[in-house]
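> What follows is upload_15.cif; its format and atoms are mmCIF, C-alpha atoms and all ligand atoms.
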data_structure
loop_
_atom_site.label_atom_id
_atom_site.label_comp_id
_atom_site.auth_asym_id
_atom_site.auth_seq_id
_atom_site.Cartn_x
_atom_site.Cartn_y
_atom_site.Cartn_z
CA MET A 1 117.14 104.11 -76.33
CA GLY A 2 116.41 107.73 -75.41
CA PRO A 3 114.80 108.68 -72.13
CA ARG A 4 111.40 107.03 -71.64
CA THR A 5 109.50 109.51 -69.52
CA ALA A 6 109.06 113.25 -69.65
CA ARG A 7 110.78 113.58 -66.27
CA ALA A 8 113.74 111.43 -67.39
CA ALA A 9 114.04 113.38 -70.65
CA PHE A 10 113.97 116.60 -68.71
CA GLN A 11 116.68 115.42 -66.33
CA HIS A 12 118.76 114.35 -69.28
CA LEU A 13 118.26 117.70 -70.94
CA THR A 14 119.53 119.55 -67.91
CA SER A 15 122.42 117.20 -67.18
CA PRO A 16 125.98 118.55 -67.50
CA ARG A 17 126.68 116.21 -70.41
CA PHE A 18 123.80 117.55 -72.37
CA HIS A 19 124.87 121.05 -71.46
CA LEU A 20 128.06 120.61 -73.44
CA ALA A 21 126.10 120.00 -76.61
CA GLY A 22 123.19 122.24 -75.79
CA PHE A 23 124.40 125.25 -77.68
CA SER A 24 124.94 123.56 -80.98
CA ASN A 25 122.12 123.86 -83.45
CA ARG A 26 121.30 120.22 -83.68
CA VAL A 27 121.73 117.96 -80.73
CA THR A 28 120.31 114.72 -79.45
CA LEU A 29 118.62 113.73 -76.25
CA GLY A 30 120.84 110.68 -76.21
CA GLU A 31 124.56 110.37 -75.95
CA ILE A 32 126.50 113.38 -77.12
CA GLY A 33 128.30 112.81 -80.38
CA GLU A 34 126.04 109.95 -81.40
CA ILE A 35 123.62 111.84 -83.51
CA LYS A 36 123.12 108.79 -85.67
CA LYS A 37 122.38 106.48 -82.78
CA GLU A 38 119.32 104.41 -83.45
CA ASN A 39 116.14 105.25 -81.58
CA THR A 40 117.62 108.44 -80.27
CA PRO A 41 115.43 111.50 -80.67
CA VAL A 42 117.01 114.27 -82.72
CA MET A 43 116.39 117.75 -81.47
CA HIS A 44 116.61 120.99 -83.34
CA VAL A 45 116.34 124.60 -82.27
CA LYS A 46 113.88 126.31 -84.55
CA MET A 47 114.27 130.01 -85.05
CA ASP A 48 112.71 130.35 -88.45
CA LYS A 49 109.00 130.33 -89.12
CA LEU A 50 109.03 127.96 -92.05
CA GLU A 51 108.07 124.51 -91.18
CA ASP A 52 111.13 122.34 -91.35
CA ARG A 53 109.25 119.43 -89.81
CA GLY A 54 106.88 119.52 -92.79
CA MET A 55 109.91 119.33 -95.07
CA ALA A 56 111.08 116.16 -93.34
CA LEU A 57 107.67 114.56 -93.95
CA LYS A 58 107.66 115.63 -97.58
CA TRP A 59 111.19 114.35 -98.19
CA ARG A 60 110.47 110.98 -96.62
CA TRP A 61 107.24 110.53 -98.56
CA ARG A 62 109.02 111.43 -101.80
CA GLU A 63 111.77 108.89 -101.10
CA ARG A 64 109.11 106.21 -100.47
CA MET A 65 107.23 107.05 -103.67
CA ARG A 66 110.38 107.13 -105.79
CA ALA A 67 111.49 103.79 -104.38
CA GLN A 68 108.16 102.34 -105.53
CA GLY A 69 108.46 104.00 -108.96
CA LYS A 70 105.38 106.14 -108.29
CA PRO A 71 104.84 109.81 -109.12
CA SER A 72 105.72 112.21 -106.34
CA ASP A 73 104.30 115.48 -107.59
CA GLN A 74 100.95 115.63 -105.76
CA PRO A 75 101.70 115.52 -102.03
CA ASN A 76 99.03 116.39 -99.52
CA MET A 77 98.96 116.91 -95.78
CA VAL A 78 95.92 116.23 -93.60
CA MET A 79 95.02 118.50 -90.69
CA GLY A 80 92.03 120.07 -89.01
CA ALA A 81 90.73 123.40 -90.30
CA ASN A 82 91.73 124.71 -86.87
CA VAL A 83 95.49 124.43 -87.54
CA GLN A 84 97.62 127.47 -86.97
CA VAL A 85 98.42 129.41 -90.14
CA CYS A 86 102.04 128.15 -90.15
CA TRP A 87 100.81 124.83 -91.59
CA GLU A 88 98.86 126.47 -94.37
CA LYS A 89 101.96 128.53 -95.11
CA PHE A 90 104.11 125.43 -95.20
CA ALA A 91 101.68 123.78 -97.61
CA ARG A 92 101.49 126.78 -99.91
CA TYR A 93 105.20 127.54 -99.92
CA TRP A 94 106.26 123.91 -100.37
CA ASP A 95 103.67 122.87 -102.97
CA VAL A 96 101.75 120.55 -100.74
CA GLU A 97 97.97 120.34 -100.87
CA ALA A 98 96.59 121.33 -97.46
CA ARG A 99 93.71 118.95 -96.76
CA LEU A 100 91.87 120.83 -94.08
CA VAL A 101 89.27 118.70 -92.35
CA PRO A 102 86.34 121.06 -91.73
CA MET A 103 84.73 121.49 -88.33
CA GLU A 104 81.38 119.81 -87.92
CA GLY A 105 78.71 120.74 -85.37
CA GLU A 106 80.34 120.73 -81.95
CA ARG A 107 83.52 119.09 -83.28
CA TYR A 108 86.04 121.90 -83.40
CA ASN A 109 89.19 119.92 -84.12
CA LEU A 110 90.58 116.85 -85.85
CA THR A 111 89.38 113.49 -84.57
CA GLY A 112 90.23 109.88 -85.33
CA ASP A 113 86.88 109.02 -86.89
CA VAL A 114 87.29 111.49 -89.75
CA VAL A 115 91.04 111.50 -90.34
CA VAL A 116 91.30 108.39 -92.49
CA ASP A 117 88.72 109.65 -94.99
CA TYR A 118 91.20 112.33 -96.01
CA CYS A 119 94.33 110.16 -96.36
CA ASP A 120 95.62 108.46 -99.47
CA GLU A 121 98.98 107.32 -100.80
CA ASN A 122 99.97 110.95 -101.47
CA THR A 123 99.54 111.95 -97.84
CA ILE A 124 102.92 112.97 -96.48
CA GLY A 125 101.57 113.13 -92.94
CA VAL A 126 98.82 114.10 -90.55
CA VAL A 127 99.23 117.06 -88.20
CA ALA A 128 97.61 116.60 -84.81
CA VAL A 129 97.49 119.70 -82.64
CA LEU A 130 98.03 119.77 -78.90
CA GLY A 131 96.14 122.07 -78.45
CA SER A 132 94.06 124.05 -80.78
CA THR A 133 94.69 127.76 -81.33
CA PHE A 134 90.94 128.34 -81.58
CA ASP A 135 89.81 126.93 -78.25
CA GLY A 136 92.78 125.38 -76.39
CA SER A 137 91.46 121.81 -76.74
CA TYR A 138 93.83 118.88 -77.24
CA GLU A 139 93.33 116.84 -80.38
CA PRO A 140 93.05 113.12 -79.59
CA VAL A 141 96.49 112.13 -80.85
CA GLN A 142 96.26 108.54 -79.65
CA ASP A 143 92.90 107.97 -81.31
CA ILE A 144 94.16 109.56 -84.53
CA CYS A 145 97.17 107.20 -84.46
CA ASP A 146 94.96 104.18 -83.69
CA ARG A 147 92.77 104.93 -86.71
CA LEU A 148 95.84 105.33 -88.90
CA ASP A 149 97.15 101.99 -87.57
CA GLN A 150 93.88 100.44 -88.65
CA LEU A 151 94.16 102.14 -92.04
CA GLN A 152 97.59 100.59 -92.47
CA ALA A 153 96.31 97.17 -91.46
CA ASP A 154 93.45 97.48 -93.98
CA THR A 155 95.23 99.11 -96.93
CA GLY A 156 99.00 99.12 -96.32
CA LEU A 157 99.06 102.95 -96.24
CA ASP A 158 101.56 104.06 -93.62
CA VAL A 159 100.83 107.69 -92.78
CA PRO A 160 103.16 109.36 -90.24
CA VAL A 161 101.93 111.84 -87.64
CA HIS A 162 103.49 115.12 -86.61
CA VAL A 163 102.30 116.58 -83.32
CA ASP A 164 102.08 120.34 -83.23
CA GLY A 165 102.72 120.81 -79.54
CA ALA A 166 103.39 124.55 -79.92
CA SER A 167 101.64 125.14 -76.60
CA GLY A 168 100.78 121.68 -75.29
CA GLY A 169 104.34 120.41 -75.72
CA PHE A 170 105.19 122.42 -72.62
CA ILE A 171 101.94 121.66 -70.77
CA ALA A 172 101.05 117.98 -71.20
CA PRO A 173 104.42 116.51 -70.04
CA PHE A 174 104.06 118.36 -66.75
CA LEU A 175 100.33 118.25 -66.08
CA ASP A 176 98.97 115.26 -68.00
CA PRO A 177 101.56 112.47 -67.68
CA GLU A 178 98.88 109.85 -68.35
CA LEU A 179 97.94 111.39 -71.69
CA VAL A 180 99.63 109.45 -74.49
CA TRP A 181 100.36 111.86 -77.31
CA ASP A 182 104.08 111.67 -77.99
CA PHE A 183 106.84 109.22 -79.01
CA ARG A 184 105.14 106.53 -76.94
CA LEU A 185 103.00 106.25 -80.07
CA PRO A 186 105.17 104.70 -82.80
CA ARG A 187 103.30 106.62 -85.47
CA VAL A 188 104.39 109.99 -84.06
CA GLN A 189 107.51 110.90 -86.01
CA SER A 190 108.11 114.47 -84.92
CA ILE A 191 106.92 117.08 -82.43
CA ASN A 192 107.32 120.82 -82.25
CA ALA A 193 106.96 123.02 -79.20
CA SER A 194 107.34 126.78 -78.87
CA GLY A 195 109.85 127.85 -76.26
CA HIS A 196 108.33 131.31 -76.38
CA LYS A 197 104.87 130.20 -75.31
CA TYR A 198 104.56 127.88 -72.32
CA GLY A 199 108.30 127.21 -72.59
CA LEU A 200 108.51 130.49 -70.64
CA VAL A 201 111.09 132.23 -72.87
CA TYR A 202 110.69 135.51 -74.73
CA PRO A 203 110.10 135.36 -78.53
CA GLY A 204 111.24 133.59 -80.65
CA VAL A 205 112.59 130.17 -79.95
CA GLY A 206 111.00 126.89 -80.82
CA TRP A 207 111.92 123.24 -80.72
CA ALA A 208 111.48 120.42 -83.18
CA ILE A 209 112.17 116.83 -82.19
CA TRP A 210 112.22 113.82 -84.50
CA ARG A 211 111.73 110.39 -82.99
CA ASN A 212 114.99 109.09 -84.48
CA PRO A 213 117.54 110.01 -87.15
CA GLU A 214 115.57 108.10 -89.80
CA ALA A 215 112.68 110.52 -89.35
CA LEU A 216 114.91 113.39 -90.46
CA PRO A 217 116.33 112.58 -93.92
CA ASP A 218 120.09 112.99 -94.25
CA ASP A 219 119.45 114.85 -97.43
CA LEU A 220 118.11 117.81 -95.45
CA VAL A 221 121.12 118.09 -93.18
CA PHE A 222 124.26 119.94 -94.20
CA HIS A 223 127.59 119.33 -92.54
CA VAL A 224 129.73 122.39 -92.05
CA ASN A 225 133.40 122.13 -91.09
CA TYR A 226 134.67 125.67 -91.43
CA LEU A 227 134.03 126.41 -87.76
CA GLY A 228 136.18 123.45 -86.83
CA GLY A 229 134.84 119.96 -86.21
CA ASP A 230 131.59 118.86 -87.78
CA MET A 231 128.48 120.98 -87.41
CA PRO A 232 125.31 119.43 -88.78
CA THR A 233 122.89 122.18 -89.76
CA PHE A 234 119.26 122.03 -90.81
CA ALA A 235 117.69 125.46 -91.07
CA LEU A 236 116.30 127.78 -93.68
CA ASN A 237 117.96 130.82 -92.25
CA PHE A 238 121.56 131.49 -91.43
CA SER A 239 123.28 133.11 -88.46
CA ARG A 240 120.86 133.80 -85.63
CA PRO A 241 121.39 134.90 -82.04
CA GLY A 242 121.64 132.10 -79.51
CA ASN A 243 120.35 134.09 -76.55
CA HIS A 244 116.95 132.42 -76.60
CA VAL A 245 118.55 129.03 -76.28
CA VAL A 246 120.47 130.20 -73.26
CA ALA A 247 117.28 131.67 -71.77
CA GLN A 248 115.45 128.40 -72.36
CA TYR A 249 118.24 126.41 -70.84
CA TYR A 250 118.45 128.77 -67.88
CA ASN A 251 114.76 128.26 -67.13
CA PHE A 252 115.08 124.50 -67.47
CA VAL A 253 117.92 124.42 -64.99
CA ARG A 254 116.49 127.04 -62.66
CA LEU A 255 112.94 125.73 -62.46
CA GLY A 256 113.55 122.05 -63.10
CA PHE A 257 110.77 119.60 -63.94
CA ASP A 258 108.84 120.36 -60.76
CA GLY A 259 109.20 124.10 -61.22
CA TYR A 260 107.70 123.88 -64.70
CA ARG A 261 104.94 121.66 -63.35
CA LEU A 262 104.05 124.18 -60.64
CA VAL A 263 104.08 127.13 -63.05
CA GLN A 264 101.86 125.33 -65.56
CA GLN A 265 99.51 124.05 -62.85
CA ALA A 266 99.06 127.61 -61.58
CA ALA A 267 98.21 128.75 -65.12
CA ARG A 268 95.70 125.93 -65.51
CA ASP A 269 94.12 126.67 -62.12
CA VAL A 270 93.68 130.33 -63.02
CA ALA A 271 92.31 129.51 -66.49
CA MET A 272 89.77 127.10 -65.02
CA HIS A 273 88.81 129.60 -62.36
CA VAL A 274 88.14 132.34 -64.94
CA ALA A 275 86.28 129.88 -67.19
CA ASN A 276 84.16 128.75 -64.29
CA GLU A 277 83.22 132.34 -63.46
CA VAL A 278 82.45 133.14 -67.11
CA ALA A 279 80.21 130.07 -67.19
CA GLN A 280 78.10 131.64 -64.40
CA ILE A 281 77.33 134.69 -66.55
CA ASP A 282 74.03 134.15 -68.37
CA ALA A 283 75.16 136.03 -71.46
CA PHE A 284 77.93 133.52 -72.25
CA ARG A 285 78.42 129.88 -73.13
CA LEU A 286 81.76 128.14 -72.65
CA LEU A 287 83.25 126.23 -75.58
CA THR A 288 86.17 124.95 -73.50
CA ASP A 289 87.03 125.24 -69.82
CA GLY A 290 90.83 125.66 -69.61
CA SER A 291 91.38 122.09 -68.40
CA GLU A 292 93.67 121.19 -71.34
CA LEU A 293 95.76 124.17 -72.45
CA PRO A 294 95.34 126.97 -69.88
CA VAL A 295 93.26 128.61 -72.60
CA PHE A 296 89.53 128.73 -73.03
CA ALA A 297 87.03 130.07 -75.53
CA PHE A 298 83.51 131.23 -74.98
CA THR A 299 80.70 132.61 -77.06
CA ILE A 300 77.39 134.41 -76.62
CA ALA A 301 74.67 132.25 -75.09
CA ASP A 302 71.78 131.09 -77.24
CA GLY A 303 68.92 133.57 -77.11
CA VAL A 304 71.16 136.59 -76.45
CA ASP A 305 71.04 138.62 -79.63
CA GLY A 306 71.57 142.24 -78.56
CA PHE A 307 75.34 142.10 -78.86
CA THR A 308 78.21 140.04 -80.27
CA VAL A 309 81.57 138.76 -79.13
CA PHE A 310 83.10 141.62 -81.09
CA ASP A 311 81.19 144.10 -78.91
CA VAL A 312 82.43 142.32 -75.78
CA SER A 313 86.01 142.48 -77.03
CA ARG A 314 85.57 146.21 -77.74
CA VAL A 315 84.18 146.99 -74.29
CA LEU A 316 86.95 144.97 -72.62
CA ARG A 317 89.52 146.81 -74.65
CA GLU A 318 88.25 150.08 -73.23
CA LYS A 319 89.17 148.61 -69.85
CA GLY A 320 92.64 147.70 -71.08
CA TRP A 321 92.13 143.98 -71.76
CA LEU A 322 93.07 142.48 -75.12
CA VAL A 323 90.62 139.61 -75.49
CA PRO A 324 90.46 138.64 -79.17
CA ALA A 325 87.13 137.93 -80.84
CA TYR A 326 87.22 135.87 -84.04
CA SER A 327 85.09 133.64 -86.20
CA PHE A 328 85.70 129.90 -86.51
CA PRO A 329 86.89 128.32 -89.78
CA GLU A 330 85.16 126.31 -92.49
CA ASN A 331 81.76 124.85 -91.71
CA ARG A 332 81.46 126.83 -88.48
CA GLN A 333 82.01 130.37 -89.75
CA ASP A 334 78.66 131.07 -88.08
CA LEU A 335 80.38 130.64 -84.69
CA SER A 336 82.39 133.51 -83.23
CA ALA A 337 84.22 133.32 -79.95
CA LEU A 338 86.41 135.12 -77.45
CA ARG A 339 89.57 133.46 -76.19
CA ILE A 340 91.52 133.92 -72.99
CA VAL A 341 95.08 132.64 -72.78
CA VAL A 342 96.52 132.34 -69.28
CA ARG A 343 100.26 132.32 -68.88
CA ASN A 344 102.76 132.62 -66.10
CA GLY A 345 102.35 136.00 -64.40
CA PHE A 346 98.60 136.23 -64.91
CA ASP A 347 97.76 135.53 -61.30
CA ARG A 348 94.56 135.05 -59.38
CA ASP A 349 94.27 138.76 -58.48
CA MET A 350 94.50 139.82 -62.12
CA ALA A 351 92.07 137.05 -63.00
CA ASP A 352 89.53 138.45 -60.54
CA LEU A 353 89.92 141.92 -62.04
CA LEU A 354 89.31 140.47 -65.48
CA ILE A 355 86.25 138.55 -64.29
CA THR A 356 84.81 141.77 -62.81
CA ASP A 357 85.31 143.52 -66.14
CA ILE A 358 83.82 140.65 -68.17
CA ARG A 359 80.80 140.66 -65.90
CA GLY A 360 80.59 144.46 -66.21
CA ALA A 361 80.83 144.25 -70.01
CA ALA A 362 78.00 141.71 -70.16
CA GLU A 363 75.79 143.85 -67.88
CA TYR A 364 76.51 147.02 -69.83
CA LEU A 365 75.81 145.42 -73.19
CA SER A 366 72.66 143.71 -71.92
CA ARG A 367 71.27 147.06 -70.74
CA LEU A 368 71.62 148.71 -74.15
CA GLU A 369 68.26 149.38 -75.77
CA ALA A 370 69.73 149.11 -79.27
CA PRO A 371 72.80 147.37 -80.67
CA MET A 372 76.17 149.10 -80.34
CA PRO A 373 76.84 151.39 -83.28
CA PRO A 374 79.24 149.86 -85.81
CA ASP A 375 82.84 149.99 -84.69
CA PRO A 376 84.56 152.76 -86.69
CA SER A 377 87.77 150.71 -86.58
CA PRO A 378 86.64 147.09 -86.45
CA HIS A 379 90.19 145.81 -86.74
CA ASN A 380 91.08 147.41 -83.47
CA PHE A 381 93.93 145.02 -82.77
CA HIS A 382 97.07 146.52 -84.17
CA HIS A 383 99.74 143.85 -84.47
C1 LIG B 1 99.05 125.40 -82.58
C2 LIG B 1 100.17 126.31 -83.04
N1 LIG B 1 101.07 125.84 -83.92
C3 LIG B 1 102.11 126.60 -84.33
C4 LIG B 1 102.26 127.89 -83.90
C5 LIG B 1 103.44 128.68 -84.39
O1 LIG B 1 104.44 128.58 -83.43
P1 LIG B 1 105.71 129.55 -83.45
O2 LIG B 1 105.21 130.91 -83.10
O3 LIG B 1 106.59 128.99 -82.38
O4 LIG B 1 106.30 129.48 -84.81
C6 LIG B 1 101.33 128.42 -83.00
C7 LIG B 1 101.46 129.82 -82.55
O5 LIG B 1 100.52 130.46 -82.13
C8 LIG B 1 100.26 127.61 -82.55
O6 LIG B 1 99.34 128.06 -81.67
#
Take the structure I supplied and represent it as C-alpha cells, if you would.

Amino acid sequence: MGPRTARAAFQHLTSPRFHLAGFSNRVTLGEIGEIKKENTPVMHVKMDKLEDRGMALKWRWRERMRAQGKPSDQPNMVMGANVQVCWEKFARYWDVEARLVPMEGERYNLTGDVVVDYCDENTIGVVAVLGSTFDGSYEPVQDICDRLDQLQADTGLDVPVHVDGASGGFIAPFLDPELVWDFRLPRVQSINASGHKYGLVYPGVGWAIWRNPEALPDDLVFHVNYLGGDMPTFALNFSRPGNHVVAQYYNFVRLGFDGYRLVQQAARDVAMHVANEVAQIDAFRLLTDGSELPVFAFTIADGVDGFTVFDVSRVLREKGWLVPAYSFPENRQDLSALRIVVRNGFDRDMADLLITDIRGAAEYLSRLEAPMPPDPSPHNFHH
C-alpha cells in the first residue's frame, strides 16, 4: 500500500529513496522500480496544458464499453459550470461532451444532490474541483462520491471521479486534514495539483496522480529505451526543461510538511482577514470568506446600484492592484464578482494597504453623482 496520510506521503516524497526516482517523468509514491505495484499511486509531472487525466478516464471508459460490446462514440464528462477552462478544452479537443451542471441560486459549484442527474452509461467521469476558480470554495467531493456510490448501488453505473486540486491539492492536505477528498475515497481515481500555484514554484509545473496503475491504462504509456534502461513516458509534448521539478523538490525538502502548512496557514489567515474587512464595507457582499482556498469573491451589496464590480476593479487598478471583475457562468450570468487570491508573499501589511484602497474605492464610487463614464478600454487586463 502507498502512504496513508498526507504527512506520510510527504515524508515519502522527500525521502532519499524517492529522490533517486524523482527526476524521471513518471514515478510512484511507493517503492522505486515497482511502478506496477498494486495499490501504489502513480505520479506524473505535467508540463503540458492538455488534460492527460481526462484521457485516462476516456480510455478506461472505452475499454469498459468495448468489453460489453457497447458503442463508445458518445462519451460525456460531468462537471460544474464553474470548472476551469482546461476541462472544456479537454472535452472539445478530445471529442467528449462537456456536461456542465449550471449554477442555481446561491449554489455556485457542483454538489452531490445534482450530480447523478447528469450521469449515464456514457459518462467517463465526474470532475470535482477543490476549489473553484470563481470563488475559492471547495466542492463537496465526499458527498459527490457518496451520491455516485448510491447511483451504482441503484443502477450498476460505476462513474469514476477526478479531483481537480489545482489549488486545493496544495492547501487541503496541510490545513484541512479532516476533510476527506482524496484517495481515501475509493471512487477518486486521479488528482491533479498545480505546482505553480500553492505548490510555491514558478510557472509551469503540475502534478497528476492516479490512485493505482489500473487507473492509468497501459495503452497510454510508452516505454522508451534509447536513453538506456526503461523510461515509461506519458505526455503529449516532448523534451521539456526539468528545472521546475527541481524547484518543486527543493521547496518540499527545504520547507517540509510543516513549512508548507505554515505558509498556507499564513495565506489563509490573510485571506480571511481581508475578507472580514471587506464584509464590513456596506457597499459589498461576500460570496466566500477565504476559509477554504485562501481566495475569496465578493460582489456589490443589494441596493447599491450606482456602480459595478467592473468600476471597482478599474479604480483599484489606478492604485496598482489587479483585482479581476468577471461575470459568473450559466444560470448566474446576472452575478458579477471581484476575486482576491492570496499567496505566499502577500503579507498582512500589504493586505492592510489593499483594504485601505478597497475602502477608498467604495467611498469614491459611492460619492459619484452619476455612474462612471464607460471604460474606453473595458478589457483593461492585458494578459
Ligand atoms: C481549478 C483549476 N483547474 C485547473 C487549472 C489549470 O491548471 P494549470 O495552470 O496547472 O494547467 C486551474 C488554473 O487556474 C484551476 O484554477
> For chain A against ligand LIG 1 (chain B), with a cut-off of 9 Å and counting all atoms listed in the file, what is the closest atom pair and its distance in Å to one decimal for every residue that makes the cut, ordered by chain and number, as CSV?

residue,atom,partner,partner_atom,distance
A:Lys46,CA,B:LIG1,O3,8.1
A:Met47,CA,B:LIG1,O4,8.0
A:Asp48,CA,B:LIG1,O4,7.4
A:Lys49,CA,B:LIG1,O4,5.2
A:Leu50,CA,B:LIG1,O4,7.9
A:Glu51,CA,B:LIG1,O4,8.3
A:Asn82,CA,B:LIG1,C1,8.5
A:Val83,CA,B:LIG1,C1,6.2
A:Gln84,CA,B:LIG1,C2,4.8
A:Val85,CA,B:LIG1,C3,7.4
A:Cys86,CA,B:LIG1,C5,6.0
A:Trp87,CA,B:LIG1,C3,7.6
A:Val129,CA,B:LIG1,C1,5.9
A:Leu130,CA,B:LIG1,C1,6.8
A:Gly131,CA,B:LIG1,C1,6.1
A:Ser132,CA,B:LIG1,C1,5.5
A:Thr133,CA,B:LIG1,O6,4.7
A:Phe134,CA,B:LIG1,O6,8.4
A:Gly136,CA,B:LIG1,C1,8.8
A:Asp164,CA,B:LIG1,N1,5.6
A:Gly165,CA,B:LIG1,C1,6.6
A:Ala166,CA,B:LIG1,N1,4.8
A:Ser167,CA,B:LIG1,O6,6.3
A:Gly168,CA,B:LIG1,C1,8.4
A:Asn192,CA,B:LIG1,C3,8.1
A:Ala193,CA,B:LIG1,O3,6.8
A:Ser194,CA,B:LIG1,O3,4.2
A:Gly195,CA,B:LIG1,O3,7.0
A:His196,CA,B:LIG1,O3,6.7
A:Lys197,CA,B:LIG1,O3,7.4
A:Pro203,CA,B:LIG1,O2,8.0
A:Gly204,CA,B:LIG1,O3,6.8
A:Val205,CA,B:LIG1,O3,6.6
A:Gly206,CA,B:LIG1,O3,5.1
A:Trp207,CA,B:LIG1,O3,8.0
> Tell me, as a ChimeraX atom specification, which residues lie within 12 Å of Met79 in chain A, counting all atoms listed in the file; anything in the same chain fewer than 3 positions away does not count.
/A:76,82-88,91,97-103,109-112,114-119,123-129,132,139,141,144,161-164
> Do you have the CA of Asp182 in chain A-CA of Gln142 in chain A distance handy?
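Distance between the two atoms: 8.6 Å.
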> Can you work out which one of A:Phe310, A:Ala267, A:Arg285, A:Ala361 has the shortest atom-to-atom distance to Asp347 in chain A, counting only C-alpha atoms?
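Residue with the minimum atom-to-atom distance to Asp347 in chain A: A:Ala267.
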> Just the number, please: distance in Å from CA of Val245 in chain A to CA of Asn225 in chain A, one decimal.
22.1 Å
> Compute the distance from (89.4, 133.2, -86.2) to each atom, counting all atoms listed in the file, keep the residues with any atom at most 12 Å away, and return them as a PyMOL selection string; use the coordinates of the file.
chain A and resi 81-85+132-135+297+309-310+324-330+332-339
> Since we have the selection now, will you write its residues out, keeping C-alpha atoms, as a PDB file, in the coordinates of the input?

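Listed below is the output, out.pdb:
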ATOM      1  CA  ALA A  81      90.730 123.400 -90.300  1.00  0.00           C
ATOM      2  CA  ASN A  82      91.730 124.710 -86.870  1.00  0.00           C
ATOM      3  CA  VAL A  83      95.490 124.430 -87.540  1.00  0.00           C
ATOM      4  CA  GLN A  84      97.620 127.470 -86.970  1.00  0.00           C
ATOM      5  CA  VAL A  85      98.420 129.410 -90.140  1.00  0.00           C
ATOM      6  CA  SER A 132      94.060 124.050 -80.780  1.00  0.00           C
ATOM      7  CA  THR A 133      94.690 127.760 -81.330  1.00  0.00           C
ATOM      8  CA  PHE A 134      90.940 128.340 -81.580  1.00  0.00           C
ATOM      9  CA  ASP A 135      89.810 126.930 -78.250  1.00  0.00           C
ATOM     10  CA  ALA A 297      87.030 130.070 -75.530  1.00  0.00           C
ATOM     11  CA  VAL A 309      81.570 138.760 -79.130  1.00  0.00           C
ATOM     12  CA  PHE A 310      83.100 141.620 -81.090  1.00  0.00           C
ATOM     13  CA  PRO A 324      90.460 138.640 -79.170  1.00  0.00           C
ATOM     14  CA  ALA A 325      87.130 137.930 -80.840  1.00  0.00           C
ATOM     15  CA  TYR A 326      87.220 135.870 -84.040  1.00  0.00           C
ATOM     16  CA  SER A 327      85.090 133.640 -86.200  1.00  0.00           C
ATOM     17  CA  PHE A 328      85.700 129.900 -86.510  1.00  0.00           C
ATOM     18  CA  PRO A 329      86.890 128.320 -89.780  1.00  0.00           C
ATOM     19  CA  GLU A 330      85.160 126.310 -92.490  1.00  0.00           C
ATOM     20  CA  ARG A 332      81.460 126.830 -88.480  1.00  0.00           C
ATOM     21  CA  GLN A 333      82.010 130.370 -89.750  1.00  0.00           C
ATOM     22  CA  ASP A 334      78.660 131.070 -88.080  1.00  0.00           C
ATOM     23  CA  LEU A 335      80.380 130.640 -84.690  1.00  0.00           C
ATOM     24  CA  SER A 336      82.390 133.510 -83.230  1.00  0.00           C
ATOM     25  CA  ALA A 337      84.220 133.320 -79.950  1.00  0.00           C
ATOM     26  CA  LEU A 338      86.410 135.120 -77.450  1.00  0.00           C
ATOM     27  CA  ARG A 339      89.570 133.460 -76.190  1.00  0.00           C
TER      28      ARG A 339
END
> Report as a list in words all protein, DNA and RNA residues lying within 8 Å of His223 in chain A, evaluated on only C-alpha atoms, omitting residues in the same chain fewer than 4 positions from it.
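My list of contacting residues is Asp230, Met231, Pro232 and Thr233 of chain A.
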> Closest to Tyr250 in chain A among A:Ile209, A:Val201, A:Leu216, A:Ala6, using all atoms listed in the file?
A:Val201
> Contacts of Asp52 in chain A at 9 Å or less, counting only C-alpha atoms, minus same-chain residues fewer than 6 places along, as a count of residues only?
6
> Using all atoms listed in the file, find the one residue out of A:Ser291, A:Gln150, A:Gln11, A:Gln68 that sits nearest to Val270 in chain A.
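Residue with the minimum atom-to-atom distance to Val270 in chain A: A:Ser291.
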> Interatomic distance between CA of Arg314 in chain A and CA of Glu369 in chain A?
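Going from CA of Arg314 in chain A over to CA of Glu369 in chain A, I get 17.7 Å.
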> Using only C-alpha atoms, which protein or nucleic acid residues come within 12 Å of range 315-317 of chain A? Drop anything in the same chain fewer than 5 positions from it, and give the result as a tab-separated table (two decimals) with C-alpha atoms, keeping the file's coordinate frame.

chain	number	residue	atom	x	y	z
A	307	PHE	CA	75.34	142.10	-78.86
A	308	THR	CA	78.21	140.04	-80.27
A	309	VAL	CA	81.57	138.76	-79.13
A	310	PHE	CA	83.10	141.62	-81.09
A	322	LEU	CA	93.07	142.48	-75.12
A	323	VAL	CA	90.62	139.61	-75.49
A	324	PRO	CA	90.46	138.64	-79.17
A	325	ALA	CA	87.13	137.93	-80.84
A	338	LEU	CA	86.41	135.12	-77.45
A	340	ILE	CA	91.52	133.92	-72.99
A	353	LEU	CA	89.92	141.92	-62.04
A	354	LEU	CA	89.31	140.47	-65.48
A	355	ILE	CA	86.25	138.55	-64.29
A	356	THR	CA	84.81	141.77	-62.81
A	357	ASP	CA	85.31	143.52	-66.14
A	358	ILE	CA	83.82	140.65	-68.17
A	359	ARG	CA	80.80	140.66	-65.90
A	360	GLY	CA	80.59	144.46	-66.21
A	361	ALA	CA	80.83	144.25	-70.01
A	362	ALA	CA	78.00	141.71	-70.16
A	363	GLU	CA	75.79	143.85	-67.88
A	364	TYR	CA	76.51	147.02	-69.83
A	365	LEU	CA	75.81	145.42	-73.19
A	372	MET	CA	76.17	149.10	-80.34
A	375	ASP	CA	82.84	149.99	-84.69
A	380	ASN	CA	91.08	147.41	-83.47
A	381	PHE	CA	93.93	145.02	-82.77
> With distances taken over only C-alpha atoms, which residue among A:Ser366, A:Met55, A:Val246, A:Pro186 lies nearest Val221 in chain A?
A:Met55
> For Val263 in chain A, which residue among A:Arg343, A:Arg66, A:Lys319, A:Arg53 is the nearest when counting all atoms listed in the file?
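Answer, going by the shortest atom-to-atom distance: A:Arg343.
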> Taking only C-alpha atoms into account, which of A:Ala215, A:Tyr93, A:Asp120, A:Arg60 comes nearest Met77 in chain A?
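Of A:Ala215, A:Tyr93, A:Asp120, A:Arg60, the one nearest Met77 in chain A is A:Asp120, counting only C-alpha atoms.
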> Should you be able to, write range 71-77 of chain A of this structure into a file that contains C-alpha atoms, as a short mmCIF file (atom, residue, chain, number, x, y, z; two decimals), in the first residue's frame.

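Contents of the output file decode-v7.cif:
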data_model
loop_
_atom_site.label_atom_id
_atom_site.label_comp_id
_atom_site.auth_asym_id
_atom_site.auth_seq_id
_atom_site.Cartn_x
_atom_site.Cartn_y
_atom_site.Cartn_z
CA PRO A 71 -20.87 1.73 -28.65
CA SER A 72 -18.14 4.03 -27.42
CA ASP A 73 -18.56 7.08 -29.61
CA GLN A 74 -20.60 9.38 -27.36
CA PRO A 75 -18.57 9.95 -24.20
CA ASN A 76 -19.50 12.70 -21.80
CA MET A 77 -17.91 14.20 -18.72
#
